[in-house]
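*Asks:* Structure incoming, see below.
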Amino acid sequence: MVYVDSRNLGYKPYIYTWLNSRAKQAEVDILRGLFEKYAVPSVDWILEGIDGEELVRRPKQAVPVTNLNMITQLCNLLNATITDHPRMSDPQILEAIFIFCTIWSLGGCVCVRSGGLRIPYWWRSPHTC
């Protein structure tokens, strides 16, 4: 038996396994791109304070969670939200659902101070949706 610490392994194998459990390959291809576009930078920003190429002060967390916990929450929320409806094959609808799930699953642990929260650049850019 080989033991690998989750800190050394990371969360990408979980994403890979979850995507492989999805039935529709077209949906998997879209979701894979959305994970790279939104989830990976969001986790980096929340846990490390990495905002694109810039190192910023990371946000405070109300409840400390690991990167794997955040990705697991995101996948569980996506499982509950993505249905077999015919419109779910539309990439824009999948992206909107993915953004909703990312904000609620990853952003749920972030504290919002009275001074406001600095929103990472990829959420502010006009091409997000």
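We name chains A, B, ... following the order of the structure tokens; residues begin at 1 in each chain, and ligands are numbered from 1 as shown.
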Tell me which protein, DNA and RNA residues are within 10 Å of Pro41 of chain A, counting only C-alpha atoms, leaving out same-chain ones fewer than 2 positions away, and put them as a PyMOL selection string.
*Replies:* chain A and resi 35-39+43-46+48-52+120-122
*Asks:* Per residue of segment 35-100 of chain A within 7 Å of segment 5-28 of chain A, record the nearest atom pair and its distance in Å to one decimal, counting only C-alpha atoms, with rows in chain order and ascending residue number, as a Markdown table.
*Replies:*
```
| residue | atom | partner | partner_atom | distance |
| --- | --- | --- | --- | --- |
| A:Asn67 | CA | A:Tyr11 | CA | 6.5 |
| A:Leu68 | CA | A:Tyr11 | CA | 5.0 |
| A:Ile71 | CA | A:Tyr11 | CA | 6.9 |
| A:Ser89 | CA | A:Glu27 | CA | 6.6 |
```
*Asks:* Those same residues, written as a PDB file, in the first residue's frame with N, CA and C atoms?
*Replies:*
```
ATOM      1  N   ASN A  67      -8.003  23.014  -0.680  1.00  0.00           N
ATOM      2  CA  ASN A  67      -8.332  23.101  -2.099  1.00  0.00           C
ATOM      3  C   ASN A  67      -9.186  21.913  -2.543  1.00  0.00           C
ATOM      4  N   LEU A  68      -8.915  20.743  -2.004  1.00  0.00           N
ATOM      5  CA  LEU A  68      -9.705  19.563  -2.358  1.00  0.00           C
ATOM      6  C   LEU A  68     -11.143  19.688  -1.849  1.00  0.00           C
ATOM      7  N   ILE A  71     -13.011  22.023  -4.298  1.00  0.00           N
ATOM      8  CA  ILE A  71     -13.311  21.374  -5.577  1.00  0.00           C
ATOM      9  C   ILE A  71     -14.386  20.302  -5.399  1.00  0.00           C
ATOM     10  N   SER A  89     -26.772  21.255 -23.216  1.00  0.00           N
ATOM     11  CA  SER A  89     -25.674  21.081 -24.167  1.00  0.00           C
ATOM     12  C   SER A  89     -25.178  22.417 -24.708  1.00  0.00           C
TER      13      SER A  89
END
```
*Asks:* Considering only C-alpha atoms, can you say which of A:Met88, A:Leu77, A:Ile82, A:Val63 comes closest to Gly108 of chain A?
*Replies:* A:Val63
*Asks:* One decimal, in Å: what's the spacing between atom CA of Ser105 of chain A and atom CA of Val65 of chain A?
*Replies:*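 If I compute the distance from atom CA of Ser105 of chain A to atom CA of Val65 of chain A, I get 11.1 Å.
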*Asks:* Within 6 Å of Cys111 of chain A, counting only C-alpha atoms, which residues show up once you throw out same-chain ones fewer than 3 positions away? Write them as JSON, numbers by chain, please.
*Replies:* {"A": [60, 61, 62]}
*Asks:* Among chain A, which ones does DSSP place in strand (DSSP E), written as number ranges by chain?
*Replies:* A: 50-51, 54-55
*Asks:* What does the structure give for the distance between atom CA of Val110 of chain A and atom CA of Val40 of chain A, in Å to one decimal?
*Replies:*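 Value for the atom CA of Val110 of chain A-atom CA of Val40 of chain A distance: 15.9 Å.
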*Asks:* For a test of reading the model, state the distance in Å between atom CA of Asp29 of chain A and atom CA of Met70 of chain A, rounded to one decimal.
*Replies:*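 Spanning atom CA of Asp29 of chain A to atom CA of Met70 of chain A is a straight-line distance of 21.0 Å.
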*Asks:* Going by DSSP on the backbone, which residues of chain A come out as alpha helix (DSSP H)? List them as a VMD selection string.
*Replies:* chain A and resid 6 to 9 12 to 20 25 to 34 40 to 48 67 to 81 91 to 106 121 to 124
*Asks:* Neighbours of Asp90 of chain A within 10 Å (only C-alpha atoms; same-chain residues fewer than 3 positions away dropped), as a tab-separated table (two decimals) with C-alpha atoms, in the first residue's frame?
*Replies:*
```tsv
chain	number	residue	atom	x	y	z
A	26	ALA	CA	-19.21	17.20	-25.29
A	27	GLU	CA	-20.21	18.30	-21.79
A	30	ILE	CA	-16.75	22.21	-22.01
A	86	PRO	CA	-31.66	19.34	-23.81
A	87	ARG	CA	-30.54	22.96	-23.28
A	93	ILE	CA	-25.81	27.78	-20.28
A	94	LEU	CA	-23.17	25.40	-18.93
A	95	GLU	CA	-20.82	28.34	-18.35
```
